[in-house]
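Asks: Quick one: the structure is below, and I'll ask about it shortly.
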Amino acid sequence: MLRLLLSALFLLTFVSLLVYTVLLNPDTQSSLASQDPIVVNAITGCELKAQIANNEVTITLKNNHLETVTAFALGLGDTYRITEDFAYSEVHSGIAPGDTFEKRYHLPGSLTGSVPTLYLSSVLLDGGREEGDPLVAQKIRDERLGEKLQVFRTVRILERQRDLPKDLKILKHDVAAALKRCGI
């Protein structure tokens, strides 16, 4: 009788450990979430694929437009937004026609453990054309304008410096003050 009770207790412990390891362990939740999220693509000229693994989403965006994609905006769920703008990038000048862009993004804590819907909401194209949500595209343009103003203000400060001062702290202070006036 004691043997039977110990055997049943051992079996119950083993099954409980197996259930915890496979289904309930937080470390395995990320591997369970290693699947493709639902992708909603509002852009006809691009193909978007995504995969979530280890609290990161990897996106692959293929440009099928005749122009270069200079920026795009993604939404993860209802609250998290990702914007890639190549206008001032030193690495990429955009996604050329037929090319593919791949990048991994860290997911915020509010999205871990679930598989959110991924939305490709807008792209900006070389030459000023856009596809998708016009409000999102305008927000990207507004950010570009702000960056452009910051660069021009910095250039004006540098132009006023006939000879760079020996003490670059003055120049650094002037540039920082100009950027602070811009809200940075």
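Each chain in the structure tokens gets a letter, A, B, ..., in the order shown, and its residues are numbered from 1; ligands are numbered from 1 in order too.
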Quick one: everything within 9 Å of Ile38 of chain A, counting only C-alpha atoms, minus sequence neighbours fewer than 2 positions away in the same chain. Send it as a short mmCIF file (atom, residue, chain, number, x, y, z; two decimals) with C-alpha atoms, in the first residue's frame.

Replies:
data_model
loop_
_atom_site.label_atom_id
_atom_site.label_comp_id
_atom_site.auth_asym_id
_atom_site.auth_seq_id
_atom_site.Cartn_x
_atom_site.Cartn_y
_atom_site.Cartn_z
CA ASP A 36 4.65 34.72 -36.74
CA VAL A 40 -1.81 43.68 -41.57
CA ALA A 50 7.59 39.29 -39.13
CA VAL A 115 1.63 37.82 -30.10
CA PRO A 116 0.49 41.30 -31.14
CA THR A 117 -0.84 42.26 -34.53
CA LEU A 118 1.76 44.06 -36.67
CA TYR A 119 0.53 46.87 -38.93
#

Asks: Contacts of Leu48 of chain A at 9 Å or less, counting only C-alpha atoms, minus same-chain residues fewer than 4 places along, as a list in words?

Replies: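 The residues that qualify are Val39, Val40, Asn41, Ile59, Thr60, Leu61, Lys62 and Leu120 of chain A.
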
Asks: Please dump the current selection as a compact mmCIF listing (two decimals), in the first residue's frame; keep N, CA and C atoms.

Replies:
# COMPACT_ATOMS: atom_id res chain seq x y z
N VAL A 39 0.03 39.86 -39.51
CA VAL A 39 0.55 41.03 -40.21
C VAL A 39 -0.58 41.64 -41.03
N VAL A 40 -0.83 42.93 -40.79
CA VAL A 40 -1.81 43.68 -41.57
C VAL A 40 -1.03 44.70 -42.38
N ASN A 41 -1.04 44.53 -43.69
CA ASN A 41 -0.25 45.37 -44.59
C ASN A 41 -1.19 46.26 -45.40
N ILE A 59 11.54 42.02 -38.45
CA ILE A 59 10.72 42.33 -39.61
C ILE A 59 11.57 42.23 -40.87
N THR A 60 10.94 41.83 -41.94
CA THR A 60 11.55 41.80 -43.26
C THR A 60 10.59 42.54 -44.19
N LEU A 61 11.08 43.65 -44.75
CA LEU A 61 10.25 44.48 -45.62
C LEU A 61 10.87 44.52 -47.01
N LYS A 62 10.11 44.05 -47.99
CA LYS A 62 10.58 44.07 -49.38
C LYS A 62 9.87 45.19 -50.13
N LEU A 120 1.67 47.52 -40.99
CA LEU A 120 2.49 48.41 -41.81
C LEU A 120 1.54 49.50 -42.26

Asks: Considering only C-alpha atoms, can you say which of A:Arg3, A:His65, A:His92, A:Arg144 comes closest to Asp126 of chain A?

Replies: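 So, comparing all the options, the nearest one is A:His65.
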
Asks: Could you name the residues that touch Val69 of chain A at 12 Å or less, counting only C-alpha atoms, but leaving out those on the same chain fewer than 3 positions away, as a PyMOL selection string?

Replies: chain A and resi 43+45-46+61-66+72-73+84-87+92-101+122-131

Asks: Lys148 of chain A: which residues within 10 Å, counting only C-alpha atoms, same-chain residues fewer than 6 positions away excluded, as a list in words?

Replies: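 Residues near the query, excluding close chain neighbours: Ala87, Tyr88, Asp142 and Thr154 of chain A.
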
Asks: Hey, what does DSSP flag as strand (DSSP E) within segment 45-139 of chain A? Can you give it to me as an NGL selection string?

Replies: :A and (46-53 or 56-63 or 69-76 or 80-85 or 100-106 or 118-125 or 130-132)

Asks: Just to confirm, what's the straight-line distance from atom CA of Ile82 of chain A to atom CA of Gln150 of chain A in Å (one decimal)?

Replies: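 That distance, rounded to one decimal, is 22.2 Å.
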
Asks: Among segment 25-161 of chain A, which ones does DSSP assign to helix (DSSP H, G or I) (computed from the backbone)? Answer as a PyMOL selection string.

Replies: chain A and resi 26-32+109-111+134-160

Asks: I'd like to know which of A:Gly77, A:Val91, A:Gly146, A:Leu171 is closest to Leu158 of chain A, using only C-alpha atoms.

Replies: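 Selected residue with least distance to Leu158 of chain A: A:Leu171.
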
Asks: Measuring atom to atom with only C-alpha atoms, identify which of A:Thr83, A:Asn54, A:Pro37, A:Arg153 is nearest to Arg141 of chain A.

Replies: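 Smallest separation from Arg141 of chain A among the options: A:Thr83.
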